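Okay, data.cif is below, mmCIF, C-alpha atoms:
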data_coords
loop_
_atom_site.label_atom_id
_atom_site.label_comp_id
_atom_site.auth_asym_id
_atom_site.auth_seq_id
_atom_site.Cartn_x
_atom_site.Cartn_y
_atom_site.Cartn_z
CA MET A 1367 127.47 88.67 110.09
CA SER A 1368 126.76 92.11 108.63
CA ASN A 1369 123.54 93.30 107.04
CA ALA A 1370 123.51 96.58 105.12
CA VAL A 1371 119.90 97.40 105.96
CA ILE A 1372 120.38 96.83 109.70
CA GLU A 1373 123.64 98.78 109.71
CA CYS A 1374 121.85 101.65 107.96
CA ILE A 1375 119.15 101.72 110.63
CA LEU A 1376 121.55 101.40 113.57
CA SER A 1377 123.93 104.10 112.31
CA ARG A 1378 121.29 106.73 111.53
CA SER A 1379 121.03 109.87 113.61
CA SER A 1380 119.09 113.09 113.07
CA ALA A 1381 121.42 115.62 111.48
CA LYS A 1382 121.81 119.09 112.93
CA TYR A 1383 124.37 120.50 110.51
CA TYR A 1384 124.16 120.52 106.71
CA ASP A 1385 126.32 121.83 103.89
CA PRO A 1386 124.22 124.77 102.68
CA GLU A 1387 126.04 124.80 99.33
CA ALA A 1388 125.12 121.20 98.46
CA SER A 1389 122.04 120.37 96.42
CA LEU A 1390 120.11 117.31 95.33
CA SER A 1391 119.09 116.64 91.75
CA ASP A 1392 115.52 116.16 90.60
CA GLU A 1393 116.35 112.49 90.14
CA GLN A 1394 117.59 112.10 93.72
CA ILE A 1395 114.50 113.79 95.13
CA TYR A 1396 112.26 111.68 92.91
CA GLU A 1397 114.03 108.51 94.07
CA LEU A 1398 113.63 109.40 97.74
CA VAL A 1399 109.88 109.82 97.26
CA ARG A 1400 109.62 106.68 95.13
CA ILE A 1401 111.18 104.70 97.97
CA GLY A 1402 108.96 106.45 100.50
CA THR A 1403 105.86 105.37 98.62
CA ALA A 1404 106.92 101.74 98.92
CA ALA A 1405 106.00 101.93 102.62
CA PRO A 1406 102.80 100.19 103.77
CA THR A 1407 99.41 101.89 103.85
CA SER A 1408 96.07 100.65 105.15
CA PHE A 1409 93.97 99.00 102.43
CA HIS A 1410 96.58 100.22 99.91
CA LEU A 1411 95.12 103.73 100.26
CA GLN A 1412 98.47 105.41 99.52
CA ASN A 1413 97.00 108.48 101.22
CA TRP A 1414 100.01 110.80 101.11
CA ARG A 1415 101.63 113.68 99.26
CA PHE A 1416 105.16 115.04 99.40
CA ILE A 1417 106.04 118.70 98.85
CA ALA A 1418 109.75 119.21 98.14
CA VAL A 1419 110.76 122.64 99.44
CA ARG A 1420 114.13 123.41 97.86
CA THR A 1421 114.19 126.85 96.20
CA PRO A 1422 115.47 129.81 98.24
CA GLU A 1423 112.06 131.43 97.90
CA ALA A 1424 110.18 128.37 99.17
CA LYS A 1425 112.66 127.89 102.03
CA ALA A 1426 112.23 131.53 103.02
CA LYS A 1427 108.47 131.00 103.12
CA LEU A 1428 108.71 127.83 105.21
CA SER A 1429 111.39 128.95 107.67
CA PRO A 1430 109.33 131.40 109.78
CA ILE A 1431 106.44 128.96 110.12
CA ALA A 1432 108.92 126.22 111.11
CA TRP A 1433 110.34 128.21 114.02
CA GLY A 1434 113.45 129.21 112.07
CA GLN A 1435 115.03 125.79 112.45
CA PRO A 1436 118.38 125.78 110.57
CA PRO A 1437 117.82 122.60 108.51
CA ILE A 1438 114.96 124.35 106.67
CA THR A 1439 117.38 126.76 105.00
CA GLU A 1440 120.62 124.75 105.15
CA ALA A 1441 119.56 121.28 103.96
CA ALA A 1442 119.21 120.69 100.24
CA VAL A 1443 115.50 119.93 100.53
CA THR A 1444 112.80 119.82 103.18
CA PHE A 1445 109.80 117.64 102.45
CA ILE A 1446 106.40 118.57 103.81
CA ILE A 1447 105.02 115.10 104.50
CA CYS A 1448 101.26 115.26 103.98
CA GLY A 1449 98.93 112.52 105.14
CA GLN A 1450 95.49 112.47 103.57
CA LEU A 1451 92.39 111.63 105.61
CA ALA A 1452 91.47 108.00 105.03
CA ASP A 1453 88.78 107.79 102.33
CA ALA A 1454 87.54 104.34 101.32
CA SER A 1455 86.04 105.65 98.06
CA VAL A 1456 89.51 105.76 96.47
CA ILE A 1457 90.17 102.06 97.04
CA PRO A 1458 88.84 100.78 93.65
CA GLU A 1459 91.11 103.27 91.87
CA ARG A 1460 94.14 102.38 94.01
CA LEU A 1461 93.59 98.65 93.56
CA ALA A 1462 92.93 98.87 89.80
CA PRO A 1463 96.62 98.35 88.86
CA LEU A 1464 96.69 95.15 90.94
CA VAL A 1465 93.57 93.87 89.19
CA LYS A 1466 94.96 94.79 85.78
CA ALA A 1467 98.23 92.99 86.55
CA GLY A 1468 96.36 89.86 87.60
CA VAL A 1469 97.57 90.08 91.19
CA MET A 1470 94.09 90.57 92.65
CA PRO A 1471 90.77 89.36 91.24
CA ALA A 1472 88.24 92.15 90.66
CA THR A 1473 85.79 90.38 92.95
CA MET A 1474 88.13 91.02 95.88
CA VAL A 1475 88.01 94.83 95.57
CA PRO A 1476 84.67 95.20 97.45
CA GLU A 1477 86.07 92.90 100.13
CA TRP A 1478 88.63 95.64 100.84
CA GLU A 1479 86.45 98.69 100.17
CA ASN A 1480 83.45 97.77 102.30
CA PRO A 1481 85.36 97.08 105.55
CA ALA A 1482 87.34 100.29 105.00
CA ARG A 1483 84.11 102.28 104.70
CA GLY A 1484 82.92 100.83 107.98
CA LEU A 1485 86.25 101.57 109.63
CA TYR A 1486 86.65 105.18 108.51
CA MET A 1487 83.47 106.73 107.06
CA ASP A 1488 81.85 108.05 110.24
CA HIS A 1489 85.03 108.23 112.30
CA PRO A 1490 86.97 111.45 111.66
CA GLN A 1491 89.53 110.66 114.36
CA ARG A 1492 90.34 107.34 112.68
CA GLN A 1493 90.64 109.13 109.34
CA ARG A 1494 93.17 111.54 110.83
CA ASP A 1495 95.01 108.80 112.72
CA GLU A 1496 95.44 106.93 109.45
CA ALA A 1497 96.77 110.06 107.75
CA MET A 1498 99.38 110.42 110.50
CA ARG A 1499 100.36 106.74 110.34
CA THR A 1500 100.67 106.79 106.57
CA GLY A 1501 102.80 109.93 106.49
CA THR A 1502 105.06 108.57 109.23
CA PHE A 1503 105.62 105.27 107.42
CA GLY A 1504 106.56 107.12 104.24
CA ALA A 1505 108.88 109.52 106.04
CA ALA A 1506 110.63 106.65 107.85
CA ALA A 1507 111.35 104.90 104.57
CA MET A 1508 112.80 108.14 103.18
CA ILE A 1509 114.97 108.62 106.28
CA TYR A 1510 116.64 105.24 105.82
CA ALA A 1511 116.86 105.67 102.06
CA ALA A 1512 118.67 108.96 102.63
CA ARG A 1513 121.09 107.28 105.01
CA SER A 1514 121.80 104.55 102.47
CA MET A 1515 122.63 107.29 99.93
CA GLY A 1516 125.11 108.90 102.31
CA LEU A 1517 122.78 111.78 103.16
CA GLY A 1518 121.61 113.17 106.48
CA SER A 1519 118.01 113.69 107.52
CA THR A 1520 116.11 115.59 110.19
CA PRO A 1521 112.44 114.90 110.96
CA MET A 1522 110.73 117.87 112.62
CA ILE A 1523 107.34 118.42 114.23
CA GLY A 1524 108.05 122.01 115.22
CA PHE A 1525 105.96 124.10 112.81
CA ASP A 1526 102.72 126.02 112.50
CA ALA A 1527 100.35 123.54 110.88
CA ASP A 1528 97.87 126.25 109.90
CA GLY A 1529 100.67 128.27 108.34
CA VAL A 1530 101.86 125.27 106.32
CA HIS A 1531 98.29 124.67 105.14
CA ARG A 1532 97.94 128.28 104.07
CA GLU A 1533 101.35 128.93 102.52
CA PHE A 1534 101.74 125.65 100.66
CA GLY A 1535 98.20 125.02 99.49
CA LEU A 1536 97.30 121.90 101.42
CA THR A 1537 93.74 120.72 100.84
CA LYS A 1538 91.11 120.26 103.54
CA ASN A 1539 91.72 116.52 103.58
CA GLU A 1540 95.48 116.85 104.11
CA VAL A 1541 97.37 116.88 107.40
CA PRO A 1542 100.99 118.10 107.59
CA VAL A 1543 102.47 115.13 109.45
CA MET A 1544 106.05 116.37 109.73
CA LEU A 1545 108.82 118.22 107.98
CA LEU A 1546 111.76 116.11 106.79
CA SER A 1547 114.98 117.85 105.82
CA ILE A 1548 117.48 115.85 103.76
CA GLY A 1549 120.88 116.88 102.49
CA VAL A 1550 124.66 116.55 102.62
CA GLU A 1551 125.93 116.66 106.18
CA ARG A 1552 128.83 118.75 107.41
CA ALA A 1553 131.07 118.16 110.43
CA GLY A 1554 129.66 118.30 113.94
CA ASN A 1555 126.71 115.89 113.80
CA TRP A 1556 126.43 113.33 116.54
CA ALA A 1557 126.46 109.57 116.12
CA GLN A 1558 123.27 107.75 117.05
CA LYS A 1559 122.38 108.40 120.68
CA PRO A 1560 122.15 105.40 123.05
CA ARG A 1561 118.67 103.91 123.36
CA ARG A 1562 116.83 102.55 126.38
CA PRO A 1563 117.66 98.90 127.05
CA VAL A 1564 115.38 96.48 125.23
CA ALA A 1565 114.54 94.84 128.58
CA GLU A 1566 112.82 98.11 129.62
CA VAL A 1567 110.57 98.30 126.57
CA LEU A 1568 109.85 94.65 125.65
CA ASN A 1569 107.24 92.40 127.23
CA PHE A 1570 106.71 88.76 126.35
CA VAL A 1571 103.15 87.50 126.91
#
Go ahead and express the file in the form of structure tokens.
Amino acid sequence: MSNAVIECILSRSSAKYYDPEASLSDEQIYELVRIGTAAPTSFHLQNWRFIAVRTPEAKAKLSPIAWGQPPITEAAVTFIICGQLADASVIPERLAPLVKAGVMPATMVPEWENPARGLYMDHPQRQRDEAMRTGTFGAAAMIYAARSMGLGSTPMIGFDADGVHREFGLTKNEVPVMLLSIGVERAGNWAQKPRRPVAEVLNFV
């Protein structure tokens, strides 16, 4: 019994080689991010931002602070996945569409906001951890969306975070979680590499 979603996940592999002549349309880039933002976030914070680096000038600016990795210049687009430090004060605004749609009663909003304040307000490490989790969830959704569209993807953590902050105008509350190149693959990429046996990584308790 086949399942398209599972097949997409099991057949994905990080691409090394891209067609440098291929491009993605605004609509394709928009759709990738739209799907990425369907990923879960704590308290519905949606604490992320996506910078689509696709012009030759922007790629040239990113490449040296990303260790000259080929996907930066060869893939159609490289997203700077930004996680934003968890901030409970935005929760009423983020939940407002749910209240307006009748999904959530307005009286429930403080029941989400107050625990979030206690969880994050005086805990900068938790704020940053949440930024990293959120950005990773969004990037993962985009990786599998790209695969389903017949595109390759390459997540990368090799870059100068301070340089990305400086050159691409990240705010003080933003953390560059990873770079994610997406584009049309060319020949030479590997199939998915074998994984450790499940018996080595699973415990039943």
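Residues in contact range of region 1428-1432 of chain A, defined as at most 6 Å between only C-alpha atoms, with sequence neighbours fewer than 4 positions away removed, read Ile1438, Gly1524, Phe1525 and Asp1526 of chain A.
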Same residues, C-alpha atoms, saved as a PDB file, in the frame of the given file:
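Final output, result-v2.pdb:
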ATOM      1  CA  ILE A1438     114.960 124.350 106.670  1.00  0.00           C
ATOM      2  CA  GLY A1524     108.050 122.010 115.220  1.00  0.00           C
ATOM      3  CA  PHE A1525     105.960 124.100 112.810  1.00  0.00           C
ATOM      4  CA  ASP A1526     102.720 126.020 112.500  1.00  0.00           C
TER       5      ASP A1526
END
Any chance you could tabulate, as CSV, the residues of region 1473-1513 of chain A at most 9 Å from region 1378-1397 of chain A with each one's nearest atom pair and distance in Å to one decimal, using only C-alpha atoms, in chain and rising number order?
residue,atom,partner,partner_atom,distance
A:Ile1509,CA,A:Arg1378,CA,8.4
A:Tyr1510,CA,A:Arg1378,CA,7.5
A:Ala1511,CA,A:Glu1397,CA,8.9
A:Arg1513,CA,A:Arg1378,CA,6.5
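When all atoms listed in the file are used to measure the gap to Leu1461 (chain A), the shortest distance among A:Ala1424, A:Met1474, A:Met1508, A:Leu1517 belongs to A:Met1474.
With distances restricted to all atoms listed in the file, A:Ser1377 is the closest residue to Lys1559 (chain A) from A:Asn1369, A:Ser1377, A:Asn1539, A:Thr1444.
The shortest atom-to-atom distance to Thr1537 (chain A), with only C-alpha atoms taken into account, belongs to A:Gly1449 out of A:Pro1406, A:Pro1490, A:Gly1449, A:Pro1436.
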Need the shell around Ala1482 (chain A): protein/DNA/RNA residues with any atom at most 8 Å away, counting only C-alpha atoms. Skip same-chain ones fewer than 5 positions apart. Format as a count of residues only? 3
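Here CA of Ala1507 (chain A) is placed at a distance of 5.0 Å from CA of Gly1402 (chain A).
Between Asn1555 (chain A) and the candidates A:Pro1463, A:Gly1518, A:Gly1529, A:Pro1471, the tightest atom-to-atom separation, counting only C-alpha atoms, involves A:Gly1518.
Interatomic distance, CA of Lys1427 (chain A) against CA of Glu1533 (chain A): 7.4 Å.
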Within 8 Å of Ile1523 (chain A) using only C-alpha atoms, minus same-chain residues under 5 positions, as a list in words: Val1543, Met1544 and Leu1545 of chain A
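One distance worth recording is that between CA of Glu1479 (chain A) and CA of Phe1416 (chain A), which is 24.9 Å.
Every protein or nucleic acid residue with an atom no more than 8 Å from Ala1527 (chain A), counting all atoms listed in the file and leaving out same-chain residues fewer than 3 positions away, appears here: Val1530, His1531 and Pro1542 of chain A.
Comparing the minimum interatomic distances between Ile1401 (chain A) and each of A:Ile1457, A:Val1541, A:Leu1451, A:Ala1512, counting only C-alpha atoms, we find that A:Ala1512 sits nearest.
Comparing the minimum interatomic distances between Met1470 (chain A) and each of A:Pro1560, A:Pro1458, A:Ile1447, A:Gln1412, counting all atoms listed in the file, we find that A:Pro1458 sits nearest.
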Find the residues near Asn1413 (chain A): any atom within 7 Å, counting only C-alpha atoms, skip ones fewer than 4 places away on the same chain, and give them as a PyMOL selection string. chain A and resi 1449-1450+1452+1497+1500
Could you rebuild region 1480-1494 of chain A with N, CA, C and O atoms and give me the result as a CSV table (one decimal), in the frame of the given file?
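So the final result, stored in result_0.csv, reads:
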chain,number,residue,atom,x,y,z
A,1480,ASN,N,84.6,97.7,101.4
A,1480,ASN,CA,83.4,97.8,102.3
A,1480,ASN,C,83.9,97.8,103.8
A,1480,ASN,O,83.4,98.6,104.6
A,1481,PRO,N,84.9,97.0,104.2
A,1481,PRO,CA,85.4,97.1,105.6
A,1481,PRO,C,86.0,98.4,105.8
A,1481,PRO,O,85.9,99.0,106.9
A,1482,ALA,N,86.7,99.0,104.8
A,1482,ALA,CA,87.3,100.3,105.0
A,1482,ALA,C,86.3,101.4,105.2
A,1482,ALA,O,86.5,102.3,106.0
A,1483,ARG,N,85.2,101.3,104.5
A,1483,ARG,CA,84.1,102.3,104.7
A,1483,ARG,C,83.6,102.2,106.1
A,1483,ARG,O,83.4,103.2,106.8
A,1484,GLY,N,83.4,101.0,106.6
A,1484,GLY,CA,82.9,100.8,108.0
A,1484,GLY,C,83.9,101.3,109.0
A,1484,GLY,O,83.5,101.8,110.1
A,1485,LEU,N,85.2,101.2,108.7
A,1485,LEU,CA,86.2,101.6,109.6
A,1485,LEU,C,86.4,103.1,109.7
A,1485,LEU,O,86.6,103.6,110.8
A,1486,TYR,N,86.3,103.8,108.6
A,1486,TYR,CA,86.6,105.2,108.5
A,1486,TYR,C,85.5,106.2,108.3
A,1486,TYR,O,85.6,107.3,108.8
A,1487,MET,N,84.4,105.8,107.6
A,1487,MET,CA,83.5,106.7,107.1
A,1487,MET,C,82.9,107.7,108.1
A,1487,MET,O,82.9,108.9,107.9
A,1488,ASP,N,82.5,107.2,109.2
A,1488,ASP,CA,81.8,108.0,110.2
A,1488,ASP,C,82.8,108.3,111.4
A,1488,ASP,O,82.3,108.5,112.5
A,1489,HIS,N,84.1,108.1,111.2
A,1489,HIS,CA,85.0,108.2,112.3
A,1489,HIS,C,86.2,109.2,111.9
A,1489,HIS,O,87.2,108.7,111.5
A,1490,PRO,N,85.9,110.5,112.1
A,1490,PRO,CA,87.0,111.4,111.7
A,1490,PRO,C,88.3,111.3,112.4
A,1490,PRO,O,89.4,111.5,111.8
A,1491,GLN,N,88.3,110.8,113.7
A,1491,GLN,CA,89.5,110.7,114.4
A,1491,GLN,C,90.3,109.5,113.7
A,1491,GLN,O,91.6,109.6,113.6
A,1492,ARG,N,89.6,108.4,113.3
A,1492,ARG,CA,90.3,107.3,112.7
A,1492,ARG,C,90.9,107.8,111.3
A,1492,ARG,O,92.0,107.4,110.9
A,1493,GLN,N,90.2,108.6,110.6
A,1493,GLN,CA,90.6,109.1,109.3
A,1493,GLN,C,91.9,109.9,109.5
A,1493,GLN,O,92.9,109.7,108.8
A,1494,ARG,N,92.0,110.7,110.6
A,1494,ARG,CA,93.2,111.5,110.8
A,1494,ARG,C,94.3,110.7,111.4
A,1494,ARG,O,95.5,110.8,111.0
